[in-house]
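Take a look at the structure below.
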Protein chains: 2
Amino acid sequence: MHKAASAASLQGFFAPASAAIVGASEDLAKFGGRLCKAVFGFGYGRPVYPVNPSRAEIFGAKCYPSISALPETPEHVGIIVPAGKVIAVLEECAARGTRYATVFTGGFAETGTETGIRLQQEVRAFAQRANMRIMGPNCNGFVNFVDGFAMTNTAAIRDGPRPAGNVGVVTHSGGLGQINVMWRAQEAGVGISYQVSCGNEADLDAIDFAQFMVEGEATDVVMMALETIRSGPRFIALARAAAERAKPLVVLKFGRTDAGQKAASSHTGAMTGADDVYNAVFRQYGVIRVTDCNELYELAKILRTRRVPAGPRLAALTGSGGHAVLLADLGASVGLEWSTLSEKTVHELQQLMPAFAGVSNPIDLTSAQTGAPKLFTDAMQLVARDPLVDALIPILVVPTIAATDAVVELHHSTEKPVAVLWTGFCPQDSNVTPATLVARGVPTYRDALTCVQALRASVDYGRFLARYRSRPSLQVMMRPDGASADRARAILALAPETVGENLSKEVLALYGLPVTREELARSAEEAASLAEAIGGSVALKIVSPDIPHKTEANAIRLGVSGAARVRAAYAEVMEAANAYKPGARIEGVLVQEMMLGGIELMLGVTRDPVFGPVVTVGRGGIHVEILDDVAHRIAPLSRPDASDMLSELKIRPLLEGVRGAAPADIAALVDAIERLSWLAYDLIDDVRELAVNPLVVRSDGVRVVDALIVKTNSTEYANA
Amino acid sequence: MHKAASAASLQGFFAPASAAIVGASEDLAKFGGRLCKAVFGFGYGRPVYPVNPSRAEIFGAKCYPSISALPETPEHVGIIVPAGKVIAVLEECAARGTRYATVFTGGFAETGTETGIRLQQEVRAFAQRANMRIMGPNCNGFVNFVDGFAMTNTAAIRDGPRPAGNVGVVTHSGGLGQINVMWRAQEAGVGISYQVSCGNEADLDAIDFAQFMVEGEATDVVMMALETIRSGPRFIALARAAAERAKPLVVLKFGRTDAGQKAASSHTGAMTGADDVYNAVFRQYGVIRVTDCNELYELAKILRTRRVPAGPRLAALTGSGGHAVLLADLGASVGLEWSTLSEKTVHELQQLMPAFAGVSNPIDLTSAQTGAPKLFTDAMQLVARDPLVDALIPILVVPTIAATDAVVELHHSTEKPVAVLWTGFCPQDSNVTPATLVARGVPTYRDALTCVQALRASVDYGRFLARYRSRPSLQVMMRPDGASADRARAILALAPETVGENLSKEVLALYGLPVTREELARSAEEAASLAEAIGGSVALKIVSPDIPHKTEANAIRLGVSGAARVRAAYAEVMEAANAYKPGARIEGVLVQEMMLGGIELMLGVTRDPVFGPVVTVGRGGIHVEILDDVAHRIAPLSRPDASDMLSELKIRPLLEGVRGAAPADIAALVDAIERLSWLAYDLIDDVRELAVNPLVVRSDGVRVVDALIVKTNSTEYANA
């Protein structure tokens, strides 16, 4: 794989010493014309040369017949020539020493045609051969507000450069990224550092551009709208780099519903639908996922302040009782809390406003505030100082200019997050708007739900950072004691493709997962004596590579005790197996200790095409598919990660003990998940699918009661 | 109770022959000053008289010293005098023959003080005595855009009357209703008929105003933001009146969370019922619930066209591939479908655009559309004609003026719902905006999620109307055969407060619910002979008014067969009951047929303080609380209602049979729910709580296996 772009390596891409446009035109009906108009209209402090053999001048700039005719080597060249001529232009650029190109031309892999795909492969191969870095093809270029350079045709920059801000935009689509995200963010008052619409990604991809932004000084938040993630591991590396710097990635990832359709296909496939895996990775690495484009910049408004609430305790101030009710409800509905204000704050508020018998929160200053602007200002300041308040929401409805200035002043005088909710307008001056306040740095929201959702995302991001910082780095994370990948591989090598329960458990046991006491009996007599040795009542289960689903075959007997009954059960199980699948290869009957009581969970391992080894924890038993109560993570896992998985499960309260039941041994469960994750990490090339179902969780530990491994078969392996 | 307002009775309230303002002022620091400025600034074609003994003129209008001094009787009087003087002014109005008053003054029940509450009771009593209808106190009045009359002080009308539309606004809070809802809706292009902020509701309440709007010609959609619903039955009557006319009610009901309920009750002294019950009533009667104020008018944009999609099949057209991906994902995520276009449409699209090898949906016309405006227009028109398309989403990003005209033309030339998604701006004229299109009647959305959510609400409303029209009217709905409320009451009258399993089942059986075969044994011998008569294995359960939870007492034995074992089980159950609660009154031991297999549900009846008898269906067993898989409705229910309840349950697929299991007898289940709902309706004054748990549902019917009724005790009854 091409080496990853880094901040240093793309600086010349975004701010070249000089640039050129091949396929330049003045004809606005052509892409090249709209491109030149946008690029020259945007301006740049360094030379940008139009190239077109049939023109002498373009929009007042001297036009050159070819790259080689230029007075200097352009560091970055924009290309809009027919698809078949792109490679020739790239060759010319490389010969001249150009380091970067943006290929706008379409007609490549997006057509789905053989020619298109071949042409794109040629671009990719060329980039590697010539050591050039190429954006596109079939892309809409980029805007660099930091250095004032644009290489794009979008109408969104027709008014020239807006002031740069600290929020970056990375998308595949041009229209979506430049209008729905960039332009809308700017209209809302959010300044942009760089905007990139990276198209087909023959060479440079969305991860490269985001990495550049994360590593650079200019960007503190990256907003992404992604149709694909080309490499799971590189995306995780990006997310880790962002987490190290506490720079949030806010991502709109498409494909939520395709995954849902695929999900129903197979038993465990249903639990690792690709989209669930994206959610899992995003949660694991602190990537904030949103649903629509506007949410990207609504969240960026607060995240770009880089203030993270210390906790979920809000306070809000308003002069409108209706707004207090609205916000109280919505704040709580997204899982935030309304702080019980400190006695000191309550006392001070009562001093400010003697009619204030009881102070509630959201704080309703009532219409008394209308005639007394200082009341609102003073109340905000003193509530902001309350140590029991983690974030503050001043509410504006039809404020005076002075009231809008007061919230800006509040924002700058405290270090706590301030999110303003402003639902109306400024009667004194209709040019003073929420966007004005945002442009002055204050996160300002039009709607209450958006406001509290942004705060909630901010609180969650703070929690993620704490969890992230508490976990060991990947380098230091250790395989559990005794885990032996080599011995596990040796067992799997000799096993059939569908590995039976007993061998599957041996593999699990090698990684330290506690399994039931059990042994394989090859005769009724042997079964009886094994049962006696195990003691108590036992389970008998067929072991056959041809019968993976023992229950379906009725080849399983539970709670059997006494030698005679064990012998009879042995015979029944053998008979059922033969009846179910005559001629099935039968290894014997497993005689196994019965696990009574406890909660049944399932653990699973699958292989995601993007991210690799996925570990799943969920409710066991037949309700798995219906209740959809599962959590996924990418292996390997730290303990905080494993523990965080459990907090996602709806049945989590069952583990804590309900109706007087003893709490489950959660430490043992977390340990088992961590161990399984290392197994998944080590053996993912050998294991296509692994299911522990059930894992019985009791107050005195956990036990693998049944397990099944399906090996990667040779065909799949070759294609993997 | 005061008789309900009707359209006719409130016409004079909203458009009086003449009006007056008592407490008129020119001082804008006073409410009376802002009120006069707003009212006179708004204008009205009929006289509005300011009344103030100390002024000769107010804003150029002759001012009168008193109501009695006026040249004519004002039909409606606005009052802003101190709380203690309100009744005296009302008396004066009544003496003069005034029919309506709006009391803006605060200081009533919202203060929570004894004086405030008493003053409000006086206003209420006065209204009834004098046969005047009064809005408020502590309200912000109303705006009537239909007749051009305002009685309010809001800055939201400072630019004078905007054109009336067909959407009404009813809220408790003034600021919220007038700014977040009315003004924002108007800014978004949605015209308003009437806006009402009804405050403390001493007399006229939100339901009265909404009823006026529903009954009148001017309003087709009512948007409501409610802190309380004063009467469940009257609200249901309103919802039925709206459903009869296919006029949607879109409601933001506060109090979803504890924090919200607390805030609402301190704001207007509101009574709050269980939020789940509101959801149930809204679903049952087609009321559309939203979460934040902006959703009210976003939904109204499409609902006010009164076009209801025939089904959930969408088609979308765009020139931006990124938008196609975004919309495809979000449409499916809210449960809408992307139509498989008819062959004819596909063929016609290919004629339009020869490069169109495969036509997908959302339809991506690609950038070919940029230079060819007619392509977009023609494609829209022919897709709109496709019988497989129920609703259409044309997507605009940076359209020409002609393209915006084309979607307006499309909207007017088809009868199908058209929802435009316009994410950007019009580069030719920045004054042409989404609000422009909305003002021209076309539902136009800024964000994709909002767009598909509005369409989804519209589809759901269509489904509700179909369900509503298929069910019998309340007058025709019949008690099930044989249901005898009198006999049930007779049984309950003699039973202890906690009615035992056997008597509870007798009551259920009177309403035709199938119960297990069972009889009460008073000796071990009797138990054995009853068991033999029932046949197969039986359950033995203690019957004692002092032991409502038999399992907890371990006084239950399942699957017992054979006379000896039945006798032993009888002894064990008696012993366990005595050990659990020494001295408990014991009626005997129930010997009951065992129900093997099937799915365990629970049915319940409770009493909601606002809506009365609530029927609940959900998952049975100990997981009820954790999984929260229940549906509620207000009794009595029709079969379509009962059936709709089941469709809400997550375990619904289990009922349809999974993994080869036979489907459950859903007809029998629906019948049982309907019967239970009549029991609830008839006996709600006698029954505080009823629980059937489990109701076993099998492929051959349903059976009540256990049941418990708790009677309303006399104290409660007195307070009920």
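Following the order of the structure tokens, chains are lettered A, B, ..., residues in each are numbered from 1, and ligands are numbered from 1.
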
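For chain A placed onto chain B with an all-Cα least-squares superposition, the residual RMSD comes to 2.7 Å.
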
Per residue of chain B within 8 Å of chain A, record the nearest atom pair and its distance in Å to one decimal, counting only C-alpha atoms, with rows in chain order and ascending residue number, as CSV.
residue,atom,partner,partner_atom,distance
B:Ala29,CA,A:Gly371,CA,6.8
B:Ala155,CA,A:Pro427,CA,7.3
B:His172,CA,A:Gly322,CA,7.7
B:Ser173,CA,A:Gly322,CA,4.9
B:Gly174,CA,A:Gly322,CA,7.4
B:Gly175,CA,A:Ser320,CA,6.2
B:Leu176,CA,A:Gly322,CA,5.7
B:Ile179,CA,A:Gly424,CA,5.7
B:Asn180,CA,A:Thr423,CA,5.7
B:Trp183,CA,A:Gly424,CA,7.8
B:Arg184,CA,A:Gly424,CA,7.4
B:Glu227,CA,A:Val325,CA,8.0
B:Phe254,CA,A:Asp329,CA,6.7
B:Gly255,CA,A:Asp329,CA,6.2
B:Arg256,CA,A:Asp329,CA,6.2
B:Thr257,CA,A:Asp329,CA,5.6
B:Asp258,CA,A:Asp329,CA,7.7
B:Ala259,CA,A:Ala328,CA,5.6
B:Gly260,CA,A:Asp329,CA,3.9
B:Gln261,CA,A:Asp329,CA,7.5
B:Ala263,CA,A:Val325,CA,5.1
B:Ala264,CA,A:Val325,CA,5.5
B:His267,CA,A:Gly321,CA,6.1
B:Thr291,CA,A:Leu449,CA,7.7
B:Asp292,CA,A:Leu449,CA,6.3
B:Cys293,CA,A:Asp447,CA,7.6
B:Asn294,CA,A:Asp447,CA,7.1
B:Ser320,CA,A:Gly175,CA,6.2
B:Gly321,CA,A:Ser173,CA,7.1
B:Gly322,CA,A:Ser173,CA,4.9
B:His323,CA,A:Leu176,CA,6.3
B:Val325,CA,A:Phe254,CA,7.1
B:Leu326,CA,A:Phe254,CA,6.7
B:Asp329,CA,A:Thr257,CA,5.8
B:Leu330,CA,A:Thr291,CA,7.8
B:Ala332,CA,A:Thr257,CA,6.3
B:Ser333,CA,A:Thr257,CA,6.1
B:Gly371,CA,A:Ala29,CA,6.8
B:Val397,CA,A:Ile179,CA,7.3
B:Val398,CA,A:Ala155,CA,7.8
B:Thr423,CA,A:Asn180,CA,5.7
B:Gly424,CA,A:Ile179,CA,5.7
B:Pro427,CA,A:Ala155,CA,7.3
B:Asp447,CA,A:Asn294,CA,7.1
B:Ala448,CA,A:Asp292,CA,6.9
B:Leu449,CA,A:Asp292,CA,6.3
B:Ile626,CA,A:Ile651,CA,7.0
B:Leu627,CA,A:Lys650,CA,7.2
B:Lys650,CA,A:Leu627,CA,7.2
B:Ile651,CA,A:Ile626,CA,6.9
B:Pro653,CA,A:Ile626,CA,7.4
B:Leu654,CA,A:Ile626,CA,7.9

Any chance you could list, as an mmCIF file with N, CA and C atoms, in the first residue's frame, the residues in region 601-697 of chain A that come up strand (DSSP E) when DSSP is run on the backbone?
data_model
loop_
_atom_site.group_PDB
_atom_site.id
_atom_site.type_symbol
_atom_site.label_atom_id
_atom_site.label_comp_id
_atom_site.auth_asym_id
_atom_site.auth_seq_id
_atom_site.Cartn_x
_atom_site.Cartn_y
_atom_site.Cartn_z
ATOM 1 N N LEU A 601 -25.463 -15.603 27.985
ATOM 2 C CA LEU A 601 -25.027 -14.636 26.978
ATOM 3 C C LEU A 601 -24.469 -15.388 25.783
ATOM 4 N N MET A 602 -24.237 -14.661 24.705
ATOM 5 C CA MET A 602 -23.496 -15.241 23.597
ATOM 6 C C MET A 602 -22.284 -14.353 23.319
ATOM 7 N N LEU A 603 -21.183 -15.003 22.973
ATOM 8 C CA LEU A 603 -19.996 -14.279 22.506
ATOM 9 C C LEU A 603 -19.729 -14.749 21.088
ATOM 10 N N GLY A 604 -19.302 -13.859 20.248
ATOM 11 C CA GLY A 604 -19.036 -14.271 18.881
ATOM 12 C C GLY A 604 -17.822 -13.571 18.309
ATOM 13 N N VAL A 605 -17.267 -14.185 17.286
ATOM 14 C CA VAL A 605 -16.195 -13.563 16.512
ATOM 15 C C VAL A 605 -16.585 -13.693 15.046
ATOM 16 N N THR A 606 -16.491 -12.611 14.323
ATOM 17 C CA THR A 606 -16.685 -12.665 12.873
ATOM 18 C C THR A 606 -15.599 -11.799 12.237
ATOM 19 N N ARG A 607 -15.568 -11.860 10.933
ATOM 20 C CA ARG A 607 -14.542 -11.104 10.233
ATOM 21 C C ARG A 607 -15.224 -10.062 9.364
ATOM 22 N N ASP A 608 -14.973 -8.790 9.665
ATOM 23 C CA ASP A 608 -15.561 -7.716 8.877
ATOM 24 C C ASP A 608 -14.645 -7.400 7.708
ATOM 25 N N GLY A 612 -11.794 -6.186 9.931
ATOM 26 C CA GLY A 612 -11.175 -7.408 10.416
ATOM 27 C C GLY A 612 -11.922 -8.031 11.582
ATOM 28 N N PRO A 613 -11.189 -8.458 12.627
ATOM 29 C CA PRO A 613 -11.812 -9.281 13.672
ATOM 30 C C PRO A 613 -12.794 -8.511 14.552
ATOM 31 N N VAL A 614 -14.049 -8.932 14.520
ATOM 32 C CA VAL A 614 -15.096 -8.286 15.299
ATOM 33 C C VAL A 614 -15.524 -9.209 16.431
ATOM 34 N N VAL A 615 -15.561 -8.684 17.637
ATOM 35 C CA VAL A 615 -16.038 -9.439 18.797
ATOM 36 C C VAL A 615 -17.447 -8.966 19.121
ATOM 37 N N THR A 616 -18.342 -9.906 19.363
ATOM 38 C CA THR A 616 -19.731 -9.578 19.674
ATOM 39 C C THR A 616 -20.112 -10.162 21.031
ATOM 40 N N VAL A 617 -20.835 -9.401 21.810
ATOM 41 C CA VAL A 617 -21.411 -9.890 23.063
ATOM 42 C C VAL A 617 -22.890 -9.591 23.016
ATOM 43 N N GLY A 618 -23.698 -10.522 23.446
ATOM 44 C CA GLY A 618 -25.126 -10.247 23.435
ATOM 45 C C GLY A 618 -25.878 -11.254 24.256
ATOM 46 N N ARG A 619 -27.160 -11.093 24.196
ATOM 47 C CA ARG A 619 -28.051 -11.996 24.883
ATOM 48 C C ARG A 619 -28.007 -13.365 24.207
ATOM 49 N N VAL A 630 -27.145 -6.641 21.199
ATOM 50 C CA VAL A 630 -25.746 -7.045 21.047
ATOM 51 C C VAL A 630 -24.849 -5.813 20.992
ATOM 52 N N ALA A 631 -23.577 -6.031 21.314
ATOM 53 C CA ALA A 631 -22.578 -4.967 21.178
ATOM 54 C C ALA A 631 -21.368 -5.561 20.466
ATOM 55 N N HIS A 632 -20.754 -4.760 19.622
ATOM 56 C CA HIS A 632 -19.585 -5.211 18.864
ATOM 57 C C HIS A 632 -18.374 -4.319 19.174
ATOM 58 N N ARG A 633 -17.188 -4.903 18.995
ATOM 59 C CA ARG A 633 -15.958 -4.113 19.028
ATOM 60 C C ARG A 633 -14.942 -4.784 18.109
ATOM 61 N N ILE A 634 -13.946 -4.014 17.719
ATOM 62 C CA ILE A 634 -12.851 -4.565 16.943
ATOM 63 C C ILE A 634 -11.776 -5.076 17.894
ATOM 64 N N VAL A 687 -10.079 -18.392 11.459
ATOM 65 C CA VAL A 687 -11.453 -18.564 11.957
ATOM 66 C C VAL A 687 -12.397 -17.682 11.155
ATOM 67 N N ARG A 688 -13.364 -18.284 10.502
ATOM 68 C CA ARG A 688 -14.344 -17.486 9.780
ATOM 69 C C ARG A 688 -15.410 -16.991 10.739
ATOM 70 N N GLU A 689 -15.698 -17.846 11.705
ATOM 71 C CA GLU A 689 -16.813 -17.547 12.585
ATOM 72 C C GLU A 689 -16.642 -18.352 13.866
ATOM 73 N N LEU A 690 -16.892 -17.710 14.975
ATOM 74 C CA LEU A 690 -16.835 -18.411 16.257
ATOM 75 C C LEU A 690 -18.044 -17.972 17.066
ATOM 76 N N ALA A 691 -18.743 -18.945 17.661
ATOM 77 C CA ALA A 691 -19.892 -18.587 18.493
ATOM 78 C C ALA A 691 -19.842 -19.360 19.795
ATOM 79 N N VAL A 692 -19.865 -18.627 20.889
ATOM 80 C CA VAL A 692 -20.047 -19.236 22.208
ATOM 81 C C VAL A 692 -21.492 -18.949 22.580
ATOM 82 N N ASN A 693 -22.308 -19.983 22.650
ATOM 83 C CA ASN A 693 -23.721 -19.745 22.963
ATOM 84 C C ASN A 693 -24.324 -21.002 23.576
ATOM 85 N N PRO A 694 -24.570 -21.011 24.842
ATOM 86 C CA PRO A 694 -24.419 -19.877 25.742
ATOM 87 C C PRO A 694 -23.069 -19.832 26.461
ATOM 88 N N LEU A 695 -22.746 -18.613 26.873
ATOM 89 C CA LEU A 695 -21.785 -18.414 27.949
ATOM 90 C C LEU A 695 -22.647 -18.179 29.179
ATOM 91 N N VAL A 696 -22.519 -19.068 30.158
ATOM 92 C CA VAL A 696 -23.346 -18.875 31.348
ATOM 93 C C VAL A 696 -22.596 -17.985 32.331
ATOM 94 N N VAL A 697 -23.276 -16.930 32.758
ATOM 95 C CA VAL A 697 -22.670 -15.967 33.673
ATOM 96 C C VAL A 697 -23.390 -16.086 35.005
#

May I have a table of the residues of region 454-566 of chain A lying at most 12 Å from region 668-671 of chain A, giving each one's closest pair of atoms and their distance in Å to one decimal, counting only C-alpha atoms, ordered by chain and ascending residue number, as a tab-separated table?
residue	atom	partner	partner_atom	distance
A:Arg479	CA	A:Asp671	CA	11.6
A:Pro480	CA	A:Asp671	CA	9.1
A:Asp481	CA	A:Asp671	CA	11.5
A:Tyr511	CA	A:Asp671	CA	10.6
A:Gly512	CA	A:Asp671	CA	9.1
A:Leu513	CA	A:Asp671	CA	8.3
A:Pro514	CA	A:Ala668	CA	9.3

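Using only C-alpha atoms, the smallest distance between any of A:Asp275, A:Asp378, A:Glu114, A:Asp706 and Lys550 (chain A) comes from A:Asp706.
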
Exercise. Mind checking which residues fall within 8 Å of region 301-318 of chain A, counting only C-alpha atoms, ignoring those fewer than 3 positions away in the same chain, and posting them as a ChimeraX atom specification?
Key: /A:166-167,190,220-221,247-248,297-298,321,323-324,336-339,361-366,376,379-380,383,388-396,415-417,419,438,441-444,454-456,458-459,461-462

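Near Trp678 (chain A), within a cut-off of 9 Å and counting only C-alpha atoms, sit the residues Met478, Arg479, Pro480, Ala483, Tyr511, Ala635, Pro636, Leu637, Ile673, Glu674, Arg675, Leu676, Ala680, Tyr681, Asp682 and Leu683 of chain A, with same-chain residues fewer than 2 positions away left out.
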
Exercise. Identify, on the basis of only C-alpha atoms, every residue whose closest approach to region 201-204 of chain A does not exceed 8 Å; exclude the query and any residue fewer than 6 positions from it along the same chain; express the result as JSON, numbers by chain.
Key: {"A": [5, 120, 121, 123, 124, 127, 133, 134, 135, 136, 137]}

Practice problem: Identify which of the residues B:Tyr570, B:Phe142, B:Phe13, B:Tyr445 lies closest to Ala531 (chain B), counting only C-alpha atoms when measuring atom-to-atom distances. | Solution: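 Closest to Ala531 (chain B) of all the choices is B:Tyr570.
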